[in-house]
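Quick notes on the structure that follows.
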Amino acid sequence: MEQTPGTGGPRAADPGRPPLIAPGYTSATVTDKISAVVLRGTPRWWFAAFGAAFLLVMLLLGTLGHLFLKGVGIYGVNIPVGWGWDITNFVWWIGIGHAGTLISAILLLLRQEWRNSINRFAEAMTLFAVACASLYPVVHLGRPWVLYWLFPYPSTMGVWPQFRSPLVWDVFAVSTYATISLLFWFIGLIPDLATLRDRAKSRFAQIVYGMLAMGWRGSARHWHNYESAYLMLAGLATPLVVSVHSVVSFDFAVGIIPGWHSTIFPPYFVAGAIYSGFAMVLTLAIPLRAIFGLKDFITDRHLQNMAKVMLATGLIVAYGYLIEIFMAWYGDNRFDVYMSLNRMFGPYAFQFWSLIACNVVAPQALWIKRLRRSPVFLFVIAIIVNVGMWLERYVIIVTSLHRDFLPSSWGMYSGTVWDYSTFVGSIGLFLALMFLFIRFLPMISIFEMRTILPEARVEEARK
Amino acid sequence: MSGTAAVSLAPAAYAPPAGLAAVRRGAFAVGAVAAALSLLGAWMDRGQFFRSYLVAFLYWLSIALGCSAIAMLHHLTRGGWGLMIRRVLEAASGTLPLVALFFVPLLFGLPELYRWARPDEVQADALLRHQAVYLNAPFFISRAALYFAIWCGFAWVLQRLSARQDATGDPALPRRMQMIAAPGLVLYCLTATFASIDWLMSLDSRWYSTIYGVYFVGGHAIAGLSFAVLVALYLSSRGPMSAAFRPIHFHDYGKLLLTFVVLWAYFAVSQLIIIWSGNLAEEITWYRGRLLGGWSGVSLALVTLHFALPFLLLLSREGKRNAGRLSVVAILLLVMRWVDLHWLALPALSPEGPAFHWLDAATAIALGGLWLSAFAGRLARRPLLPIRDPFLPEALAHD
Amino acid sequence: MTRPRTVRLYGQMAEFASPHDLLAAAGAARSAGYRRLDAFTPFPIERLSETLGHRPSRVPMLVLIGGIIGALAGYGLQYWVSAVAYPLNIGGRPYNSWPAFIPITFELTILIAGIFTVFGMLVLNGLPTPYHPVFNVPHFALASRDRYFLCIESKDPKFDPASTRVFLEGLSPSGVFDVEY
């Protein structure tokens with residue numbers, strides 16, 4: 001396994017690029033270290049953490065039980081504000097999911113190898129965030145038990161979905177997204193499940209991981225088809241992720257409500273989704289790598305790169321705010337102008353300016369390299385952006401609805417305790433799934449980590 | 001470095017081909033003749049001249065500016081992907097002062113082009129009176145001056161640092177270029193957006209769309225990259241660069257081009273879906289003329305030749321790697337960029353349908369000839385690869 | 001080998017400590033005339049499949065087929081529902097509202113293409129495979145950690161238990177094993 005001189009390849013000589021993995025690791029030690037997190041047995045704190053999250057899941061189930069008994073009236077929504085916390089949370093969760101797909105698919109296509117240590121749990125995050133997101137539109141349907149009416153099937157009533165409605169597009173977009181994310185995550189896991197099968201000591205673990213690995217042997221034929229499929233799926237997931245949040249933005253933009261009907265919405269929602277998603281990845285990665293001692297794999301360089309992506313997408317979001325306000329003035333449409341002024345100086349001005357402070361002002365600190373290097377600071381900024389992006393959706397939804405065309409139908413909106421408990425409960429669901437994931441599956445892709453080791457640089461060594 | 005054995009890194013090895021001098025002279029001659037014809041046309045039909053000239057100006061601007069933006073993106077990401085075409089991008093962005101000069105004649109045609117520049121119409125129209133704070137000739141001109149100052153300024157600074165890198169090989173330079181490229185790109189996106197509003201959208205001041213600037217910038221990216229790829233293909237077909245370029249480099253550019261084409265289509269279709277579904281009188285008029293009227297053929301051509309055909313050609317591996325097929329795509333896209341700008345600008349001035357005029361061709365060829373001549377001159381000045389960039393061996397050995 | 005030679009062999013397998021050795025061995029086996037070859041590695045190695053003489057993957061073709069089916073089905077479904085089966089006047093828009101049909105057509109294209117990709121990959125790889133002879137080699141568990149294996153199958157016309165073993169041992173492996181059924 002000795003390296004002949006120069007086999008580190010040009011990448012090893014790159015000036016100013018810190019390593020992606022601390023020196024000294026080999027395929028064996030990477031495998032052992034990551035699989036040990038899963039196979040070692042359950043640490044005591046895990047029970048406490050999972051238990052706390054599970055209590056929140058109970059809160060969610062209790063709330064939903066109450067909702068199904070009483071109806072959507074328990075939420076704060078009414079005329080004129082028919083969408084409130086529920087759709088805010090839906091968009092927020094879906095947006096968080098997008099960073100996972102971005103990291104696993106787009107960065108794979110761009111051959112950004114730094115993704116290899118964060119893609120697995122980012123994908124898991126996507127999946128769980130989509131699960132939380134899809135809860136909201138379903139439970140606020142009013143009659144969630146007839147959910148299947150949303151799908152096109154030859155019903156005895158002879159009716160079909162109305163395909164000109166963006167809400168139907170949403171059903172297709174979100175269910176496609178959930179399916180593809182699950183498939184992508186699962187095929188990414190197959191080689192690692194085989195590793196766990198081969199490393200597990202208990203018979204039960206061997207059987208479970210063995211069944212999930214489906215007989216993966218790591219043969220050259222397998223890898224050949226596998227790599228092709230993985231790349232193809234990444235190529236499909238990339239436009240998909242853009243389309244999903246675009247369709248979410250169509251839910252608003254194809255209507256003619258001032259503040260919703262804006263052509264910039266699709267790209268600006270996508271950028272916002274990536275922005276909040278990367279904030280969530282940082283929120284999770286910074287504590288996780290400290291707890292599990294994975295700083296050699298998720299290095300400071302990873303955090304810095306994510307900080308840069310956050311800065312870039314945050315600027316696109318700021319561009320969206322700016323251009324909307326400018327066009328409202330430029331077009332001189334009195335409803336658009338009023339809506340903009342009402343956002344800035346009306347009853348929800350506090351939320352608006354908080355969102356500007358969180359999403360536009362605070363992240364500008366990321367221009368400073370010294371601050372990008374501090375994990376603690378990044379963690380704080382990531383939390384701020386998470387809050388800011390939630391507020392953004394809240395402001396877009398509520399301020400556009402509460403004062404529309406006719407002053408006689410104006411009204412105010414605020415969430416109720418049931419809104420809060422659904423939201424907190426969905427965070428609990430997300431965390432509970434996340435804890436199960438890090439306990440039972442490798443949170444870093446073992447086989448992809450092996451490929452960035454110096455010993456894997458086969459091509460360069462041959463020259 | 002492992003790449004040194006295969007490919008030389010001596011500056012002399014990447015001397016520009018002698019053919020560039022002929023291109024420079026030939027393009028200048030063609031441009032001068034077309035310019036003379038255009039002037040004749042301006043004397044014959046002043047209004048038509050300015051219409052044609054506006055599109056021609058925006059077209060060559062989009063290539064120069066697109067190259068400049070891609071160069072900044074390359075500095076920002078510090079990837080090896082841009083190194084092989086960096087000199088092409090730099091030579092194109094170096095022509096921005098000339099493009100600024102191309103802008104000047106438009107100042108004599110503002111009333112011919114823009115309703116807001118005709119005082120009697122402004123008096124009669126409440127919306128134009130409202131917009132007059134922004135859309136008035138002095139502010140319009142000073143904004144344009146600011147845009148060009150920013151574009152030329154960033155291109156110039158990055159160019160100088162790149163030249164210094166050739167001379168000294170200072171390892172701190174990539175980082176400095178990165179630090180300049182980041183605000184450069186931010187300012188580029190902002191200024192290009194407002195330039196699109198000023199120069200194109202305000203042709204029909206009643207209509208507005210918040211995605212317009214993004215669509216405009218997406219067009220720049222396609223124009224700039226198609227042009228750079230075309231020049232790279234030309235360079236790779238002869239002389240020293242034929243050894244340096246490999247199919248994988250073009251594979252990467254093909255992928256990037258595919259991405260840009262898809263993004264452009266995405267911006268276009270997003271705007272269409274939102275406006276079509278909203279169906280508001282003040283918005284849908286913009287599409288009425290373009291989709292149902294005499295312009296519908298042009299719209300169909302944009303869908304098929306600006307999106308569908310390049311998309312299908314770039315999807316296959318061969319389409320990206322085969323020089324012949326890639327150059328077909330690049331040429332097609334460069335032609336369709338002109339059609340797209342024409343489609344954006346002129347329905348406001350000739351709503352009943354496309355009225356192709358010989359001045360459209362004459363002005364585009366005039367500006368193009370002069371611009372290409374300046375470009376070839378700049379490209380011939382320096383080695384065709386940034387030989388002392390620390391990432392160059394990686395880019396050359398890339399496989 | 002305590003058991004008699006009558007045990008049917010799936011093939012013989014050599015274990016290597018590094019991917020470089022494996023690639024060299026794969027090349028050597030190929031030029032020695034072996035055709036039924038497979039290698040087992042803990043991560044994908046570029047060109048290994050080429051070196052072993054495997055055919056290019058057929059996954060991309062499946063993706064294309066899936067995408068075309070998805071696009072046609074997506075548009076067809078919406079057209080049939082909105083213009084034929086259940087025509088409704090929605091705000092005066094045409095029954096065949098093609099701009100509004102773009103999103104779902106796109107989503108179904110991706111969905112069907114993605115399903116074809118994943119299940120196509122599994123089918124082409126013959127997964128799930130509950131039983132496979134290579135797992136009978138105790139060392140094989142390391143193929144998912146840090147060891148690299150080259151297997152010459154007994155179906156190979158040139159395969160011969162004695163001479164193939166000599167050949168494999170000549171490639172300086174860290175071990176050579178019989179793979180029994």
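Chain labels run A, B, ... following the order of the structure tokens; each chain numbers its residues from 1, and ligands are numbered from 1 in the order shown.
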
Item to check | Interface residues on chain C facing chain B, 9 Å, only C-alpha atoms, written as a PyMOL selection string | outcome: chain C and resi 93+99-100+102

Would you write out those residues with N, CA and C atoms, as a PDB file, in the first residue's frame?
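Okay, this is what ended up in part30.pdb:
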ATOM      1  N   ARG C  93     -59.877  28.773 -20.128  1.00  0.00           N
ATOM      2  CA  ARG C  93     -58.649  28.232 -20.714  1.00  0.00           C
ATOM      3  C   ARG C  93     -59.002  27.046 -21.621  1.00  0.00           C
ATOM      4  N   PRO C  99     -49.456  24.917 -21.505  1.00  0.00           N
ATOM      5  CA  PRO C  99     -48.500  25.472 -20.534  1.00  0.00           C
ATOM      6  C   PRO C  99     -48.708  24.905 -19.132  1.00  0.00           C
ATOM      7  N   ALA C 100     -49.982  24.645 -18.791  1.00  0.00           N
ATOM      8  CA  ALA C 100     -50.263  24.139 -17.453  1.00  0.00           C
ATOM      9  C   ALA C 100     -49.918  22.661 -17.331  1.00  0.00           C
ATOM     10  N   ILE C 102     -47.120  21.355 -18.440  1.00  0.00           N
ATOM     11  CA  ILE C 102     -45.659  21.150 -18.428  1.00  0.00           C
ATOM     12  C   ILE C 102     -45.169  20.558 -17.101  1.00  0.00           C
TER      13      ILE C 102
END

Checklist entry - Which parts of segment 9-64 of chain C does DSSP call alpha helix (DSSP H) when run on the backbone here, written out as a list in words? => result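 Matching residues, listed in order: Pro19, His20, Asp21, Leu22, Leu23, Ala24, Ala25, Ala26, Gly27, Ala28, Ala29, Arg30, Ser31, Leu48, Ser49, Glu50, Thr51, Val59, Pro60, Met61, Leu62, Val63 and Leu64 of chain C.
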
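The residues of chain B lying at most 6 Å from chain A, with only C-alpha atoms taken into account, are Ser209, Thr210, Ile211, Gln271, Ile274, Ser277, Gly278 and Glu394 of chain B.
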
Please list as a tab-separated table (two decimals) with all heavy atoms, in the first residue's frame every residue within 6 Å of segment 82-95 of chain B, counting only C-alpha atoms and excluding residues in the same chain fewer than 4 positions away.
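Final output, saved to out10.tsv:
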chain	number	residue	atom	x	y	z
B	64	ALA	N	-19.67	39.39	-24.95
B	64	ALA	CA	-18.55	39.90	-24.16
B	64	ALA	C	-18.85	39.78	-22.67
B	64	ALA	O	-18.02	39.33	-21.88
B	64	ALA	CB	-18.29	41.35	-24.54
B	67	CYS	N	-18.89	36.15	-21.41
B	67	CYS	CA	-17.52	35.65	-21.19
B	67	CYS	C	-16.95	36.20	-19.90
B	67	CYS	O	-16.31	35.49	-19.12
B	67	CYS	CB	-16.62	36.03	-22.36
B	67	CYS	SG	-16.93	35.04	-23.82
B	68	SER	N	-17.20	37.48	-19.66
B	68	SER	CA	-16.67	38.10	-18.45
B	68	SER	C	-17.28	37.44	-17.21
B	68	SER	O	-16.57	37.15	-16.23
B	68	SER	CB	-16.98	39.59	-18.50
B	68	SER	OG	-16.88	40.15	-17.25
B	71	ALA	N	-15.80	34.04	-16.73
B	71	ALA	CA	-14.45	34.15	-16.19
B	71	ALA	C	-14.50	34.38	-14.69
B	71	ALA	O	-13.73	33.78	-13.92
B	71	ALA	CB	-13.70	35.28	-16.89
B	74	HIS	N	-15.35	31.29	-12.92
B	74	HIS	CA	-14.19	30.42	-12.88
B	74	HIS	C	-13.22	30.83	-11.77
B	74	HIS	O	-12.74	30.00	-11.00
B	74	HIS	CB	-13.51	30.45	-14.25
B	74	HIS	CG	-12.06	30.12	-14.22
B	74	HIS	ND1	-11.60	28.87	-13.88
B	74	HIS	CD2	-10.96	30.88	-14.46
B	74	HIS	CE1	-10.27	28.88	-13.93
B	74	HIS	NE2	-9.88	30.08	-14.26
B	155	ALA	N	-13.38	43.53	-15.23
B	155	ALA	CA	-12.66	42.79	-16.28
B	155	ALA	C	-11.20	43.23	-16.30
B	155	ALA	O	-10.29	42.41	-16.40
B	155	ALA	CB	-13.32	43.01	-17.63
B	375	PHE	N	-11.28	41.30	-30.57
B	375	PHE	CA	-11.11	40.07	-29.79
B	375	PHE	C	-9.88	39.29	-30.25
B	375	PHE	O	-9.05	38.87	-29.44
B	375	PHE	CB	-12.37	39.21	-29.92
B	375	PHE	CG	-12.20	37.81	-29.43
B	375	PHE	CD1	-12.27	37.54	-28.07
B	375	PHE	CD2	-11.96	36.77	-30.31
B	375	PHE	CE1	-12.09	36.25	-27.60
B	375	PHE	CE2	-11.78	35.48	-29.84
B	375	PHE	CZ	-11.84	35.22	-28.48
B	378	ARG	N	-6.74	40.85	-29.10
B	378	ARG	CA	-6.43	40.64	-27.68
B	378	ARG	C	-5.99	39.21	-27.42
B	378	ARG	O	-5.10	38.96	-26.61
B	378	ARG	CB	-7.66	40.96	-26.82
B	378	ARG	CG	-8.08	42.39	-26.87
B	378	ARG	CD	-9.03	42.70	-25.75
B	378	ARG	NE	-8.32	42.79	-24.48
B	378	ARG	CZ	-7.77	43.90	-24.03
B	378	ARG	NH1	-7.84	45.02	-24.72
B	378	ARG	NH2	-7.14	43.90	-22.88
B	379	LEU	N	-6.62	38.27	-28.14
B	379	LEU	CA	-6.28	36.86	-27.91
B	379	LEU	C	-4.84	36.59	-28.34
B	379	LEU	O	-4.16	35.73	-27.78
B	379	LEU	CB	-7.25	35.96	-28.68
B	379	LEU	CG	-7.16	34.47	-28.39
B	379	LEU	CD1	-7.51	34.19	-26.94
B	379	LEU	CD2	-8.07	33.67	-29.30
B	384	LEU	N	-1.72	31.09	-24.88
B	384	LEU	CA	-3.12	30.66	-24.90
B	384	LEU	C	-3.55	29.94	-23.63
B	384	LEU	O	-4.72	29.60	-23.48
B	384	LEU	CB	-3.38	29.77	-26.11
B	384	LEU	CG	-3.33	30.53	-27.44
B	384	LEU	CD1	-3.39	29.55	-28.60
B	384	LEU	CD2	-4.44	31.54	-27.53

Item to check | All residues 9 Å or closer to segment 372-379 of chain A, only C-alpha atoms, same chain fewer than 5 positions away omitted, as a VMD selection string | outcome: chain A and resid 279 282 to 284 286 to 287 300 to 301 303 to 305 307 to 308 365 to 367 384

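For Arg165 of chain C, the list of residues within 12 Å, based on only C-alpha atoms and with local chain neighbours fewer than 3 positions off taken out, reads Gly11, Gln12, Met13, Ala14, Ala29, Leu150, Cys151, Ile152, Glu153, Ser154, Lys158, Phe159, Asp160, Pro161, Ala162, Leu168, Glu169, Gly170, Leu171, Ser172, Pro173, Gly175, Val176, Phe177, Asp178 and Val179 of chain C.
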
Per residue of chain C within 8 Å of chain A, what are the shortest atom pair and its distance in Å to one decimal, counting only C-alpha atoms, with rows by chain and residue number, as a Markdown table?
| residue | atom | partner | partner_atom | distance |
| --- | --- | --- | --- | --- |
| C:Ala17 | CA | A:Met1 | CA | 6.9 |
| C:Ser18 | CA | A:Met1 | CA | 5.8 |
| C:Pro19 | CA | A:Val458 | CA | 6.7 |
| C:His20 | CA | A:Val458 | CA | 6.0 |
| C:Asp38 | CA | A:Ala220 | CA | 6.2 |
| C:Ala39 | CA | A:Ala220 | CA | 5.2 |
| C:Phe40 | CA | A:Ser219 | CA | 4.2 |
| C:Thr41 | CA | A:Gly218 | CA | 5.4 |
| C:Pro42 | CA | A:Gly218 | CA | 6.2 |
| C:Phe43 | CA | A:Phe447 | CA | 5.4 |
| C:Pro44 | CA | A:Trp223 | CA | 5.5 |
| C:Ile45 | CA | A:Val458 | CA | 7.5 |
| C:Glu46 | CA | A:Glu459 | CA | 7.6 |
| C:Leu48 | CA | A:Ala220 | CA | 6.7 |
| C:Ser49 | CA | A:Ala220 | CA | 5.6 |
| C:His54 | CA | A:Arg221 | CA | 7.2 |
| C:Ser57 | CA | A:Asn225 | CA | 5.5 |
| C:Arg58 | CA | A:Asn225 | CA | 7.5 |
| C:Val59 | CA | A:Ala229 | CA | 6.1 |
| C:Pro60 | CA | A:Met232 | CA | 7.0 |
| C:Val63 | CA | A:Met232 | CA | 7.4 |
| C:Gln78 | CA | A:Phe163 | CA | 6.5 |
| C:Val81 | CA | A:Trp160 | CA | 6.7 |
| C:Ser82 | CA | A:Phe163 | CA | 7.2 |
| C:Tyr86 | CA | A:Trp160 | CA | 6.6 |
| C:Ile90 | CA | A:Arg164 | CA | 7.9 |
| C:Ser97 | CA | A:Arg164 | CA | 7.2 |
| C:Ala100 | CA | A:Arg164 | CA | 5.2 |
| C:Phe101 | CA | A:Phe163 | CA | 6.8 |
| C:Pro103 | CA | A:Trp169 | CA | 6.3 |
| C:Ile104 | CA | A:Trp169 | CA | 5.7 |
| C:Glu107 | CA | A:Ala173 | CA | 5.9 |
| C:Leu108 | CA | A:Thr176 | CA | 7.4 |
| C:Ile110 | CA | A:Leu236 | CA | 6.0 |
| C:Leu111 | CA | A:Thr176 | CA | 5.6 |
| C:Ala113 | CA | A:Leu236 | CA | 7.8 |
| C:Gly114 | CA | A:Leu233 | CA | 6.1 |
| C:Ile115 | CA | A:Ile180 | CA | 7.7 |
| C:Thr117 | CA | A:Ala229 | CA | 5.7 |
| C:Val118 | CA | A:Ala229 | CA | 6.6 |
| C:Met121 | CA | A:Asn225 | CA | 5.9 |
| C:Leu124 | CA | A:Asn225 | CA | 7.3 |
| C:Asn125 | CA | A:His222 | CA | 5.5 |
| C:Leu127 | CA | A:Met214 | CA | 6.0 |
| C:Pro128 | CA | A:Met214 | CA | 4.3 |
| C:Thr129 | CA | A:Gly215 | CA | 4.8 |
| C:Pro130 | CA | A:Gly215 | CA | 5.6 |
| C:Tyr131 | CA | A:Gly215 | CA | 7.1 |
| C:His132 | CA | A:Gly215 | CA | 7.6 |
| C:Ala141 | CA | A:Asp198 | CA | 5.1 |
| C:Leu142 | CA | A:Asp198 | CA | 7.5 |
| C:Ala143 | CA | A:Gly218 | CA | 7.2 |
| C:Ser144 | CA | A:Thr195 | CA | 5.0 |
| C:Arg145 | CA | A:Ala28 | CA | 5.7 |
| C:Asp146 | CA | A:Ala28 | CA | 5.3 |

Next on the checklist: For segment 51-59 of chain B, find every residue with an atom within 7 Å (counting only C-alpha atoms), except residues of its own chain fewer than 2 positions away, and show them as a ChimeraX atom specification.
Outcome noted: /B:47-49,61-63,102-103,113,338,341-342,359-360,363-364,367

Item to check | All residues 8 Å or closer to segment 346-348 of chain B, only C-alpha atoms, same chain fewer than 2 positions away omitted, as an MDAnalysis selection string | outcome: chainID B and resid 51 203:204 289:290 295 342:344 350:354

Checklist entry - For the atom pair atom CA of Gly76 of chain A and atom CA of Gly415 of chain A, what is the interatomic distance in Å to one decimal place? => result 4.8 Å

Next on the checklist: So the first atom is atom CA of Val77 of chain A and the second is atom CA of Phe269 of chain A; what is the distance between them in Å, to one decimal place?
Outcome noted: 23.2 Å

Item to check | Separation of atom CA of Ala105 of chain A from atom CA of Thr238 of chain A, in Å and rounded to one decimal | outcome: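 Distance between the two atoms: 6.0 Å.
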
Item to check | Members of segment 119-180 of chain C assigned strand (DSSP E) by DSSP, as a PyMOL selection string | outcome: chain C and resi 148-153+175-180

Checklist entry - Of the candidates B:Leu256, B:Ala376, B:Ala36, B:Ala10, which shows the shortest atom-to-atom distance to Asp166 of chain B, using only C-alpha atoms? => result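 Distance minimum relative to Asp166 of chain B lands on B:Ala10.
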